[in-house]
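So this block is final.tsv, TSV, C-alpha atoms and all ligand atoms:
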```
chain	number	residue	atom	x	y	z
A	1	MET	CA	40.46	-70.99	157.83
A	2	SER	CA	41.54	-74.36	159.28
A	3	GLU	CA	43.47	-77.04	157.32
A	4	THR	CA	40.63	-79.54	157.95
A	5	ALA	CA	38.07	-77.16	156.46
A	6	VAL	CA	40.13	-76.91	153.27
A	7	ILE	CA	40.39	-80.69	152.91
A	8	GLU	CA	36.67	-81.22	153.58
A	9	SER	CA	35.72	-78.52	151.15
A	10	VAL	CA	37.90	-79.96	148.42
A	11	ALA	CA	36.44	-83.44	148.97
A	12	GLU	CA	32.91	-82.16	148.36
A	13	GLN	CA	32.81	-79.22	145.97
A	14	PRO	CA	31.92	-76.12	148.03
A	15	ILE	CA	28.42	-74.91	147.25
A	16	LEU	CA	29.82	-71.36	147.08
A	17	PHE	CA	31.52	-72.39	143.85
A	18	SER	CA	28.84	-74.61	142.38
A	19	PRO	CA	26.78	-73.14	139.55
A	20	MET	CA	23.15	-72.21	139.91
A	21	THR	CA	20.67	-72.09	137.06
A	22	VAL	CA	17.54	-69.97	137.30
A	23	ARG	CA	15.30	-70.12	134.23
A	24	GLY	CA	17.69	-69.87	131.27
A	25	VAL	CA	20.57	-68.21	133.12
A	26	THR	CA	23.45	-70.01	134.83
A	27	LEU	CA	25.60	-68.27	137.44
A	28	LYS	CA	29.07	-69.83	137.66
A	29	ASN	CA	29.09	-69.48	141.46
A	30	ARG	CA	26.87	-68.23	144.29
A	31	ILE	CA	28.58	-64.90	144.90
A	32	VAL	CA	26.61	-61.79	144.01
A	33	ILE	CA	27.81	-58.21	144.04
A	34	SER	CA	24.94	-56.32	145.65
A	35	PRO	CA	23.73	-53.14	143.97
A	36	MET	CA	25.71	-50.09	145.09
A	37	CYS	CA	24.75	-46.54	144.12
A	38	GLN	CA	27.76	-44.55	143.00
A	39	TYR	CA	26.04	-41.14	142.78
A	40	SER	CA	28.37	-40.49	139.85
A	41	ALA	CA	26.09	-40.38	136.80
A	42	HIS	CA	25.20	-37.25	134.82
A	43	ASN	CA	21.57	-37.02	133.72
A	44	GLY	CA	21.22	-40.64	134.78
A	45	LEU	CA	23.68	-41.88	132.15
A	46	ALA	CA	26.42	-44.43	132.94
A	47	ASN	CA	30.00	-43.35	132.24
A	48	GLU	CA	33.62	-44.55	132.58
A	49	TRP	CA	33.33	-44.68	136.36
A	50	HIS	CA	30.53	-47.25	136.19
A	51	ASN	CA	32.44	-49.20	133.58
A	52	VAL	CA	35.55	-49.62	135.72
A	53	HIS	CA	33.66	-49.91	139.01
A	54	LEU	CA	31.45	-52.76	137.79
A	55	GLY	CA	34.08	-54.29	135.53
A	56	GLN	CA	36.42	-54.87	138.46
A	57	PHE	CA	33.85	-57.17	140.06
A	58	ALA	CA	33.74	-59.40	136.96
A	59	LEU	CA	37.54	-59.61	137.05
A	60	GLY	CA	37.16	-60.36	140.76
A	61	GLY	CA	35.20	-63.52	139.93
A	62	ALA	CA	31.64	-62.88	141.15
A	63	GLY	CA	28.95	-65.00	139.48
A	64	LEU	CA	26.42	-62.16	139.31
A	65	VAL	CA	27.22	-58.45	139.30
A	66	PHE	CA	24.36	-56.10	140.02
A	67	CYS	CA	24.46	-52.62	138.64
A	68	GLU	CA	23.40	-49.99	141.16
A	69	ALA	CA	19.76	-48.94	141.58
A	70	ALA	CA	18.69	-47.28	138.34
A	71	ALA	CA	15.71	-44.93	138.49
A	72	VAL	CA	12.77	-45.75	136.23
A	73	GLU	CA	11.85	-42.07	136.04
A	74	GLU	CA	13.83	-38.91	136.63
A	75	ARG	CA	12.05	-37.86	139.83
A	76	GLY	CA	12.66	-41.37	141.20
A	77	ARG	CA	16.40	-40.74	141.62
A	78	ILE	CA	17.76	-40.46	145.16
A	79	THR	CA	20.35	-37.84	144.13
A	80	HIS	CA	21.32	-35.88	141.02
A	81	GLY	CA	24.10	-38.47	140.53
A	82	ASP	CA	21.89	-41.57	140.39
A	83	LEU	CA	21.88	-43.86	137.43
A	84	GLY	CA	18.66	-43.89	135.40
A	85	ILE	CA	16.98	-46.27	133.01
A	86	TRP	CA	14.07	-44.20	131.82
A	87	SER	CA	15.00	-44.11	128.12
A	88	ALA	CA	16.63	-46.18	125.41
A	89	ASP	CA	19.68	-43.85	125.64
A	90	HIS	CA	20.13	-44.81	129.29
A	91	GLY	CA	20.03	-48.48	128.33
A	92	ALA	CA	22.50	-47.91	125.49
A	93	ALA	CA	25.01	-46.23	127.85
A	94	LEU	CA	25.04	-49.45	129.90
A	95	LYS	CA	25.72	-51.76	126.94
A	96	PRO	CA	29.55	-51.62	127.07
A	97	ILE	CA	29.42	-52.50	130.77
A	98	VAL	CA	27.12	-55.45	130.13
A	99	SER	CA	29.36	-56.72	127.39
A	100	PHE	CA	32.50	-56.44	129.58
A	101	LEU	CA	30.84	-58.28	132.46
A	102	ARG	CA	29.72	-61.11	130.17
A	103	ALA	CA	33.10	-61.35	128.48
A	104	HIS	CA	34.65	-61.95	131.90
A	105	GLY	CA	32.23	-64.60	133.09
A	106	ALA	CA	29.86	-62.56	135.25
A	107	VAL	CA	26.12	-62.45	134.68
A	108	PRO	CA	25.05	-58.79	134.44
A	109	GLY	CA	22.15	-57.78	136.71
A	110	MET	CA	20.14	-54.58	136.80
A	111	GLN	CA	18.21	-53.18	139.76
A	112	LEU	CA	15.14	-51.09	138.92
A	113	ALA	CA	14.24	-48.46	141.47
A	114	HIS	CA	12.10	-45.49	142.37
A	115	ALA	CA	13.17	-43.56	145.45
A	116	GLY	CA	9.69	-42.19	146.24
A	117	ARG	CA	9.81	-40.00	149.36
A	118	LYS	CA	13.57	-40.64	149.71
A	119	ALA	CA	14.28	-38.79	146.44
A	120	SER	CA	15.86	-35.35	146.05
A	121	MET	CA	18.68	-36.05	148.49
A	122	GLN	CA	22.29	-34.93	148.73
A	123	ARG	CA	25.03	-37.35	147.78
A	124	PRO	CA	26.40	-39.02	150.95
A	125	TRP	CA	29.58	-36.98	150.79
A	126	HIS	CA	27.58	-33.73	150.46
A	127	GLY	CA	25.70	-34.40	153.70
A	128	ASN	CA	23.24	-37.22	152.93
A	129	GLY	CA	20.30	-34.97	153.87
A	130	PRO	CA	17.49	-33.61	151.72
A	131	LEU	CA	18.64	-31.18	149.01
A	132	ASP	CA	18.45	-27.60	150.25
A	133	GLU	CA	19.45	-24.11	149.17
A	134	SER	CA	23.12	-24.84	149.88
A	135	ASP	CA	23.16	-27.38	147.03
A	136	ARG	CA	22.03	-24.82	144.43
A	137	ALA	CA	25.61	-23.62	143.85
A	138	ARG	CA	26.44	-27.07	142.45
A	139	GLY	CA	23.39	-26.80	140.19
A	140	GLU	CA	21.61	-29.37	142.35
A	141	THR	CA	18.11	-28.04	142.76
A	142	ILE	CA	15.33	-29.66	144.77
A	143	TRP	CA	12.60	-31.47	142.86
A	144	ASP	CA	9.05	-32.50	143.79
A	145	ILE	CA	8.90	-35.95	145.32
A	146	VAL	CA	6.06	-38.47	145.57
A	147	ALA	CA	4.87	-41.16	147.97
A	148	PRO	CA	1.79	-43.22	148.83
A	149	SER	CA	0.89	-40.63	151.48
A	150	ALA	CA	1.90	-37.02	152.07
A	151	GLU	CA	4.22	-37.86	154.94
A	152	PRO	CA	7.95	-37.23	155.13
A	153	VAL	CA	10.45	-39.90	156.23
A	154	ASN	CA	11.15	-37.85	159.37
A	155	ASP	CA	10.99	-34.25	160.51
A	156	ARG	CA	14.21	-33.36	158.62
A	157	SER	CA	12.95	-34.77	155.29
A	158	LEU	CA	11.15	-33.23	152.33
A	159	MET	CA	7.35	-33.45	152.19
A	160	PRO	CA	6.17	-35.71	149.34
A	161	ASP	CA	2.97	-35.31	147.29
A	162	GLU	CA	0.48	-38.15	147.61
A	163	LEU	CA	0.34	-40.11	144.35
A	164	GLY	CA	-2.93	-40.19	142.41
A	165	ILE	CA	-4.07	-43.38	140.68
A	166	ALA	CA	-3.03	-42.19	137.19
A	167	ASP	CA	0.43	-41.36	138.49
A	168	ILE	CA	0.74	-44.76	140.18
A	169	GLN	CA	-0.09	-46.43	136.89
A	170	SER	CA	2.39	-44.30	134.99
A	171	ILE	CA	5.18	-45.26	137.43
A	172	GLN	CA	4.29	-48.94	137.01
A	173	LYS	CA	4.47	-48.45	133.24
A	174	ALA	CA	7.89	-46.86	133.71
A	175	PHE	CA	9.06	-49.96	135.59
A	176	ALA	CA	7.89	-52.15	132.70
A	177	ALA	CA	9.50	-49.89	130.10
A	178	ALA	CA	12.75	-49.93	132.06
A	179	ALA	CA	12.67	-53.74	132.04
A	180	GLY	CA	12.55	-53.51	128.23
A	181	TYR	CA	15.56	-51.12	128.14
A	182	ALA	CA	17.47	-53.44	130.50
A	183	ASP	CA	16.71	-56.42	128.27
A	184	ALA	CA	17.81	-54.51	125.17
A	185	ALA	CA	21.07	-53.57	126.92
A	186	GLY	CA	21.73	-57.29	127.47
A	187	PHE	CA	21.14	-57.59	131.22
A	188	GLU	CA	20.29	-61.17	132.18
A	189	VAL	CA	18.93	-60.74	135.70
A	190	LEU	CA	16.54	-58.06	136.84
A	191	GLU	CA	15.79	-57.02	140.41
A	192	ILE	CA	12.94	-54.78	141.54
A	193	HIS	CA	14.00	-52.62	144.48
A	194	SER	CA	11.21	-52.89	147.02
A	195	ALA	CA	13.30	-52.22	150.13
A	196	HIS	CA	15.04	-49.52	152.17
A	197	GLY	CA	12.08	-47.14	152.41
A	198	TYR	CA	11.94	-46.38	148.68
A	199	LEU	CA	8.67	-46.15	146.77
A	200	SER	CA	7.59	-49.80	146.61
A	201	HIS	CA	8.55	-50.45	150.24
A	202	SER	CA	6.74	-47.30	151.34
A	203	PHE	CA	3.53	-48.68	149.83
A	204	LEU	CA	3.97	-51.91	151.84
A	205	SER	CA	4.66	-50.44	155.24
A	206	PRO	CA	1.78	-49.33	157.47
A	207	LEU	CA	4.13	-46.64	158.78
A	208	SER	CA	4.28	-44.82	155.43
A	209	ASN	CA	1.07	-45.85	153.65
A	210	HIS	CA	-2.07	-44.27	155.09
A	211	ARG	CA	-4.16	-44.42	151.94
A	212	THR	CA	-7.80	-45.40	152.13
A	213	ASP	CA	-8.14	-46.42	148.45
A	214	ALA	CA	-7.25	-49.75	146.75
A	215	TYR	CA	-3.49	-49.09	147.23
A	216	GLY	CA	-3.70	-48.75	151.01
A	217	GLY	CA	-5.60	-49.94	154.05
A	218	ASP	CA	-5.08	-53.59	154.96
A	219	ARG	CA	-2.02	-55.62	154.02
A	220	ALA	CA	-3.58	-56.76	150.72
A	221	GLY	CA	-4.18	-53.14	149.73
A	222	ARG	CA	-0.69	-52.07	150.73
A	223	MET	CA	0.81	-54.96	148.72
A	224	ARG	CA	-1.10	-54.00	145.57
A	225	PHE	CA	1.48	-51.56	144.16
A	226	THR	CA	4.37	-54.01	144.59
A	227	LEU	CA	2.48	-57.01	143.22
A	228	GLU	CA	1.09	-55.16	140.20
A	229	THR	CA	4.53	-53.75	139.46
A	230	ALA	CA	6.06	-57.23	139.64
A	231	GLU	CA	3.38	-58.53	137.24
A	232	LYS	CA	4.03	-55.74	134.76
A	233	VAL	CA	7.79	-56.14	134.93
A	234	ARG	CA	7.53	-59.92	134.59
A	235	ALA	CA	5.40	-59.46	131.47
A	236	ALA	CA	7.97	-57.07	129.94
A	237	TRP	CA	11.00	-59.20	130.87
A	238	PRO	CA	11.79	-62.36	128.88
A	239	ASP	CA	10.57	-65.68	130.32
A	240	SER	CA	14.08	-67.06	130.00
A	241	LYS	CA	15.52	-64.41	132.36
A	242	PRO	CA	15.22	-64.47	136.17
A	243	LEU	CA	13.41	-61.81	138.16
A	244	PHE	CA	14.54	-60.99	141.71
A	245	VAL	CA	12.81	-58.71	144.21
A	246	ARG	CA	14.71	-57.05	147.05
A	247	ILE	CA	12.49	-56.53	150.08
A	248	SER	CA	12.96	-55.04	153.49
A	249	SER	CA	11.95	-58.23	155.30
A	250	VAL	CA	11.21	-56.15	158.42
A	251	ASP	CA	10.93	-52.44	159.12
A	252	GLY	CA	12.57	-53.03	162.48
A	253	VAL	CA	10.26	-50.35	163.93
A	254	GLU	CA	7.32	-50.93	166.26
A	255	ASP	CA	4.04	-51.58	164.39
A	256	GLY	CA	5.90	-51.67	161.09
A	257	TRP	CA	6.10	-54.29	158.32
A	258	ASN	CA	7.22	-57.59	159.84
A	259	ILE	CA	8.54	-60.98	158.79
A	260	ASP	CA	5.06	-62.59	158.74
A	261	ASP	CA	3.98	-59.87	156.29
A	262	SER	CA	7.05	-60.68	154.18
A	263	VAL	CA	6.19	-64.37	154.01
A	264	VAL	CA	2.70	-63.50	152.71
A	265	LEU	CA	4.15	-61.02	150.18
A	266	VAL	CA	6.76	-63.48	148.94
A	267	ASP	CA	4.12	-66.20	148.39
A	268	GLU	CA	2.26	-63.73	146.17
A	269	LEU	CA	5.41	-62.62	144.35
A	270	LYS	CA	6.31	-66.24	143.70
A	271	ARG	CA	2.90	-66.80	142.13
A	272	ARG	CA	3.63	-63.89	139.82
A	273	GLY	CA	6.84	-65.40	138.48
A	274	VAL	CA	9.43	-63.91	140.82
A	275	ASP	CA	12.35	-66.34	141.13
A	276	VAL	CA	14.57	-65.06	143.93
A	277	ILE	CA	14.00	-62.87	146.99
A	278	ASP	CA	16.89	-60.65	148.03
A	279	CYS	CA	16.29	-60.44	151.79
A	280	SER	CA	17.22	-57.00	153.04
A	281	SER	CA	15.77	-54.99	155.94
A	282	GLY	CA	15.13	-51.55	157.35
A	283	GLY	CA	15.15	-48.07	155.88
A	284	ILE	CA	11.53	-47.01	156.35
A	285	ALA	CA	12.30	-44.28	158.88
A	286	GLY	CA	15.93	-43.56	158.06
A	287	MET	CA	19.05	-45.18	156.65
A	288	ALA	CA	19.15	-48.91	155.91
A	289	THR	CA	22.85	-49.46	155.25
A	290	ALA	CA	24.71	-46.51	156.74
A	291	THR	CA	23.56	-47.26	160.30
A	292	ARG	CA	26.24	-47.25	162.98
A	293	ASP	CA	24.30	-49.65	165.25
A	294	PRO	CA	26.34	-52.73	166.21
A	295	LEU	CA	25.43	-55.67	163.95
A	296	PRO	CA	26.69	-59.28	163.81
A	297	LEU	CA	28.28	-60.76	160.69
A	298	GLY	CA	25.54	-61.97	158.35
A	299	PHE	CA	22.98	-59.90	160.26
A	300	ARG	CA	20.19	-60.37	157.69
A	301	LEU	CA	20.46	-64.14	157.56
A	302	PRO	CA	17.47	-64.88	159.85
A	303	PHE	CA	15.17	-63.22	157.31
A	304	SER	CA	16.47	-65.29	154.41
A	305	ASP	CA	16.26	-68.45	156.51
A	306	ARG	CA	12.62	-67.87	157.44
A	307	ILE	CA	11.48	-66.75	153.98
A	308	ARG	CA	13.21	-69.66	152.24
A	309	ALA	CA	11.83	-72.21	154.71
A	310	ASP	CA	8.24	-70.90	154.67
A	311	THR	CA	7.82	-70.16	150.97
A	312	GLY	CA	10.27	-72.50	149.25
A	313	ILE	CA	11.59	-69.63	147.11
A	314	ALA	CA	15.31	-69.23	146.43
A	315	THR	CA	16.87	-66.47	148.53
A	316	LEU	CA	19.83	-64.15	148.44
A	317	THR	CA	21.25	-63.08	151.79
A	318	HIS	CA	23.63	-60.22	152.40
A	319	GLY	CA	24.71	-57.97	155.25
A	320	LEU	CA	28.25	-57.98	156.60
A	321	ILE	CA	29.25	-61.27	155.06
A	322	ILE	CA	33.02	-61.14	154.92
A	323	ASP	CA	34.10	-64.62	155.95
A	324	VAL	CA	34.41	-67.43	153.39
A	325	ASP	CA	33.62	-70.18	155.87
A	326	GLN	CA	30.49	-68.38	157.04
A	327	ALA	CA	29.37	-67.94	153.43
A	328	GLU	CA	29.83	-71.65	152.71
A	329	GLU	CA	28.13	-72.65	155.98
A	330	ILE	CA	25.07	-70.50	155.12
A	331	LEU	CA	24.67	-72.36	151.84
A	332	GLN	CA	25.41	-75.80	153.34
A	333	SER	CA	22.78	-75.29	156.02
A	334	GLY	CA	20.14	-74.26	153.47
A	335	GLN	CA	19.59	-70.77	154.86
A	336	ALA	CA	20.11	-69.10	151.47
A	337	ASP	CA	20.98	-69.91	147.87
A	338	LEU	CA	23.09	-66.89	147.05
A	339	ILE	CA	25.54	-64.73	149.02
A	340	GLY	CA	25.59	-60.98	148.41
A	341	ILE	CA	28.54	-58.75	149.22
A	342	ALA	CA	28.66	-54.96	148.93
A	343	ARG	CA	31.11	-53.11	151.20
A	344	GLU	CA	33.37	-56.17	151.35
A	345	ALA	CA	33.61	-56.00	147.56
A	346	LEU	CA	34.60	-52.31	147.76
A	347	TYR	CA	37.32	-53.32	150.21
A	348	ASN	CA	38.43	-56.28	148.12
A	349	PRO	CA	36.92	-56.70	144.64
A	350	TYR	CA	38.83	-60.00	144.40
A	351	TRP	CA	36.98	-61.50	147.37
A	352	PRO	CA	35.40	-64.27	145.21
A	353	ARG	CA	38.77	-65.31	143.76
A	354	HIS	CA	40.45	-65.26	147.16
A	355	ALA	CA	37.53	-67.28	148.56
A	356	ALA	CA	37.98	-69.83	145.78
A	357	HIS	CA	41.64	-70.14	146.62
A	358	ALA	CA	40.93	-70.50	150.34
A	359	LEU	CA	38.46	-73.31	149.60
A	360	GLY	CA	40.88	-75.09	147.28
A	361	VAL	CA	38.89	-74.29	144.15
A	362	ASP	CA	40.76	-73.17	141.00
A	363	PRO	CA	44.28	-73.76	142.45
A	364	GLU	CA	45.78	-73.23	138.97
A	365	PHE	CA	44.13	-69.80	138.51
A	366	GLY	CA	42.32	-71.16	135.45
A	367	ASP	CA	39.21	-69.04	135.99
A	368	TRP	CA	41.23	-65.82	136.32
A	369	PRO	CA	41.65	-63.57	133.29
A	370	HIS	CA	44.57	-64.95	131.22
A	371	GLN	CA	46.32	-61.63	131.67
A	372	TYR	CA	46.60	-62.36	135.41
A	373	GLY	CA	46.32	-66.14	135.82
A	374	TRP	CA	49.45	-66.98	133.77
A	375	TRP	CA	51.55	-64.84	136.15
A	376	LEU	CA	49.90	-65.99	139.31
A	377	THR	CA	50.63	-69.70	138.63
A	378	ARG	CA	54.32	-68.77	138.45
A	379	ARG	CA	54.14	-66.62	141.57
A	380	GLU	CA	52.44	-69.49	143.40
A	381	ALA	CA	55.21	-71.90	142.34
A	382	HIS	CA	57.84	-69.53	143.76
A	383	LEU	CA	55.93	-69.22	147.01
A	384	LYS	CA	55.70	-73.02	147.29
A	385	ASN	CA	59.45	-73.35	146.59
A	386	ILE	CA	60.33	-71.10	149.47
A	387	GLY	CA	57.78	-72.70	151.80
A	388	VAL	CA	55.47	-69.71	152.03
A	389	ARG	CA	52.57	-71.86	150.69
B	401	LIG	C1	28.03	-47.65	148.37
B	401	LIG	C2	26.75	-48.40	148.59
B	401	LIG	C3	25.67	-48.18	147.76
B	401	LIG	C4	24.49	-48.93	147.90
B	401	LIG	N1	23.49	-48.80	146.97
B	401	LIG	C5	22.46	-49.67	146.97
B	401	LIG	C6	21.58	-49.74	145.88
B	401	LIG	O1	21.77	-49.11	144.85
B	401	LIG	N2	20.52	-50.58	145.98
B	401	LIG	C7	20.32	-51.37	147.09
B	401	LIG	O2	19.35	-52.12	147.13
B	401	LIG	N3	21.19	-51.34	148.11
B	401	LIG	C8	22.26	-50.56	148.07
B	401	LIG	N4	23.21	-50.62	149.05
B	401	LIG	C9	23.08	-51.67	150.08
B	401	LIG	C10	23.88	-52.91	149.67
B	401	LIG	O3	23.39	-53.46	148.46
B	401	LIG	C11	23.85	-53.99	150.77
B	401	LIG	O4	22.53	-54.39	150.95
B	401	LIG	C12	24.39	-53.46	152.10
B	401	LIG	O5	25.55	-52.66	151.91
B	401	LIG	C13	24.72	-54.62	153.05
B	401	LIG	O6	25.70	-55.47	152.51
B	401	LIG	P1	27.26	-55.34	152.96
B	401	LIG	O7	27.29	-55.50	154.45
B	401	LIG	O8	27.94	-56.47	152.23
B	401	LIG	O9	27.76	-54.00	152.56
B	401	LIG	C14	24.38	-49.87	148.95
B	401	LIG	C15	25.45	-50.05	149.82
B	401	LIG	C16	26.64	-49.34	149.64
B	401	LIG	C17	27.80	-49.63	150.57
```
Give the structure from this file in structure tokens form.
Amino acid sequence: MSETAVIESVAEQPILFSPMTVRGVTLKNRIVISPMCQYSAHNGLANEWHNVHLGQFALGGAGLVFCEAAAVEERGRITHGDLGIWSADHGAALKPIVSFLRAHGAVPGMQLAHAGRKASMQRPWHGNGPLDESDRARGETIWDIVAPSAEPVNDRSLMPDELGIADIQSIQKAFAAAAGYADAAGFEVLEIHSAHGYLSHSFLSPLSNHRTDAYGGDRAGRMRFTLETAEKVRAAWPDSKPLFVRISSVDGVEDGWNIDDSVVLVDELKRRGVDVIDCSSGGIAGMATATRDPLPLGFRLPFSDRIRADTGIATLTHGLIIDVDQAEEILQSGQADLIGIAREALYNPYWPRHAAHALGVDPEFGDWPHQYGWWLTRREAHLKNIGVR
């Protein structure tokens, strides 16, 4: 980063490090750790891995730390290792994590999910395909999966059963119940996962929803599952706590869900009390994140820009954001309100603290944990003495 940029940023407080209040919750900065499945739970319950994995991001200085996608019912897990939030016990297992995050200045967020026709998969490191006979030796048996229509993701995927109306309603109830467990565990922000080809997204997309009843057909019918679910979750989640929805802003496939559809959906979500849209993309016909296609830094920004401008809702953008100046520029230009990082945070959990330093914020390490900050002020003084800083 250039010297001039530092001076300018110090003169006007960088937006990246200005707080943001949504309903009754204040984030100390605009950096969000995006949800990241760890495929490391047993029976859906969080354990020491999740504690350390998520805890490091609070120490790293993010304003909001999202827990990975947690399944609202057992068959809604992607893999046997997914986190779940389908009982009070699942919520209770997350409590120590929530309390650690809060103690270290991060707002704890939970993402509620149902994998739909992308359930019953192998962990990425076991092949990332549908579970098959080869997984049985690990005790990882295939389970029956569900979707709006009996159509697999592609010709290598498992065939889902088409959901009946009673089953749709019971899944929506499970989302609402999970919101209650998340609240009881102390989470302060809730996000509904309606992206990446999972259940809610697969209701939206004309490529995966071929129903002819009230939950299919035209765009209004295809939006019904997502909108009703948002209403039910909003009703079960305290008024003082923000509700986010992550959408795949576009399918990126011919004749799929597009950005105009997203603008219409977001207007409806906003009317139902959704506060922030997390603007993702892709995943209806394959992988959303693990693609090897060449992508520019901040590749999902155009979706956030359009949705924010057309609907006036606050947005979260993410997707290969690794550069502090780019992050600040996105906020300065009004293309998003929050910056999400996922793989960059795996590479460097201290990205927010390093960004603060680069922008001249917190030069005395006052926001760091005392256990670290006290030492780092002394290290910095040495570095200045010898002209390294
Ligand atoms: C290990 C890993 C797990 C992920 N799990 C989730 C998840 O649970 N829910 C979700 O919506 N996205 C998930 N994603 C996608 C990320 O939240 C994010 O949208 C994506 O990685 C792009 O951001 P990045 O370029 O900063 O990594 C995951 C990504 C990674 C790398």
Spatial neighbours of range 274-290 of chain A, 9 Å, only C-alpha atoms, chain gap at least 6 places, as JSON, numbers by chain: {"A": [22, 23, 153, 154, 191, 195, 196, 197, 198, 201, 202, 205, 207, 208, 230, 231, 234, 242, 243, 244, 245, 246, 247, 248, 249, 250, 251, 252, 253, 256, 266, 268, 300, 301, 303, 304, 307, 308, 313, 314, 315, 316, 317, 318, 319, 337, 338, 340]}
Test item: residues at most 9 Å from Gln172 in chain A, all atoms listed in the file, excluding those fewer than 2 positions along its chain, as a VMD selection string: chain A and resid 167 to 170 174 to 177 225 228 to 230 232 to 233
Interatomic distance, CA of Asp305 in chain A to CA of Gln335 in chain A (Å, one decimal): 4.4 Å
One-decimal distance in Å that lies between CA of Pro238 in chain A and CA of Asp89 in chain A: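 Separation of CA of Asp89 in chain A and CA of Pro238 in chain A: 20.4 Å.
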Point-to-point distance from CA of Met36 in chain A to CA of Glu188 in chain A, Å rounded to tenths: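 Those two atoms sit 17.9 Å apart.
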Who sits within 12 Å of His126 in chain A, only C-alpha atoms, same chain under 6 positions skipped, as a PyMOL selection string: chain A and resi 39+79-81+132+134-135+138+140
Proximity to ligand LIG 401 (chain B) - best of A:Ala355, A:Leu227, A:Ala71, A:Ala235, only C-alpha atoms and all ligand atoms: A:Ala71
Distance criterion (all atoms listed in the file): nearest to Arg117 in chain A out of A:Asn209, A:Gln56, A:His50, A:Gly84: A:Asn209
From A:Ala309, A:Val65, A:Val361, A:Cys37, residue lying nearest ligand LIG 401 (chain B) [only C-alpha atoms and all ligand atoms]: A:Cys37
Who sits within 12 Å of Ile33 in chain A, all atoms listed in the file, same chain under 3 positions skipped, as number ranges by chain: A: 29-30, 36, 53-58, 60-68, 101, 106-111, 278, 316-319, 321, 338-346, 348-352
Protein/DNA/RNA residues near (-4.9, -49.9, 157.5), cut 12 Å, all atoms listed in the file, as a PDB file with C-alpha atoms, in the frame of the given file:
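Contents of selection27.pdb, as written:
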```pdb
ATOM      1  CA  PHE A 203       3.530 -48.680 149.830  1.00  0.00           C
ATOM      2  CA  LEU A 204       3.970 -51.910 151.840  1.00  0.00           C
ATOM      3  CA  SER A 205       4.660 -50.440 155.240  1.00  0.00           C
ATOM      4  CA  PRO A 206       1.780 -49.330 157.470  1.00  0.00           C
ATOM      5  CA  LEU A 207       4.130 -46.640 158.780  1.00  0.00           C
ATOM      6  CA  SER A 208       4.280 -44.820 155.430  1.00  0.00           C
ATOM      7  CA  ASN A 209       1.070 -45.850 153.650  1.00  0.00           C
ATOM      8  CA  HIS A 210      -2.070 -44.270 155.090  1.00  0.00           C
ATOM      9  CA  ARG A 211      -4.160 -44.420 151.940  1.00  0.00           C
ATOM     10  CA  THR A 212      -7.800 -45.400 152.130  1.00  0.00           C
ATOM     11  CA  ASP A 213      -8.140 -46.420 148.450  1.00  0.00           C
ATOM     12  CA  ALA A 214      -7.250 -49.750 146.750  1.00  0.00           C
ATOM     13  CA  TYR A 215      -3.490 -49.090 147.230  1.00  0.00           C
ATOM     14  CA  GLY A 216      -3.700 -48.750 151.010  1.00  0.00           C
ATOM     15  CA  GLY A 217      -5.600 -49.940 154.050  1.00  0.00           C
ATOM     16  CA  ASP A 218      -5.080 -53.590 154.960  1.00  0.00           C
ATOM     17  CA  ARG A 219      -2.020 -55.620 154.020  1.00  0.00           C
ATOM     18  CA  ALA A 220      -3.580 -56.760 150.720  1.00  0.00           C
ATOM     19  CA  GLY A 221      -4.180 -53.140 149.730  1.00  0.00           C
ATOM     20  CA  ARG A 222      -0.690 -52.070 150.730  1.00  0.00           C
ATOM     21  CA  MET A 223       0.810 -54.960 148.720  1.00  0.00           C
ATOM     22  CA  ASP A 255       4.040 -51.580 164.390  1.00  0.00           C
ATOM     23  CA  GLY A 256       5.900 -51.670 161.090  1.00  0.00           C
ATOM     24  CA  TRP A 257       6.100 -54.290 158.320  1.00  0.00           C
TER      25      TRP A 257
END
```
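Proximity of A:Trp368, A:Phe299, A:Trp143, A:Tyr181 to Val72 in chain A, computed with all atoms listed in the file, is greatest for A:Tyr181.
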Shell of 10 Å around Pro160 in chain A, all atoms listed in the file, local chain residues under 3 positions omitted, as a list in words: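 The filter keeps Gly116, Arg117, Lys118, Ala119, Asp144, Ile145, Val146, Ala147, Pro148, Ser149, Ala150, Glu151, Pro152, Val153, Ser157 and Leu163 of chain A.
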Distance criterion (only C-alpha atoms and all ligand atoms): nearest to ligand LIG 401 (chain B) out of A:Pro96, A:Pro14, A:Pro35, A:Gly387: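 Residue with the minimum atom-to-atom distance to ligand LIG 401 (chain B): A:Pro35.
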As lines of an AutoDock Vina configuration file, what would the box around range 139-142 of chain A look like: edges along x, y and z, 6 Å added on every side, centre and edge lengths in Å to one decimal?
```
center_x = 19.4
center_y = -28.2
center_z = 142.5
size_x = 20.1
size_y = 14.9
size_z = 16.6
```
Using only C-alpha atoms and all ligand atoms: which of A:Val25, A:Ala166, A:Ala327, A:Ala182 has the shortest distance to ligand LIG 401 (chain B):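 Checking each of A:Val25, A:Ala166, A:Ala327, A:Ala182 against ligand LIG 401 (chain B), counting only C-alpha atoms and all ligand atoms, the winner is A:Ala327.
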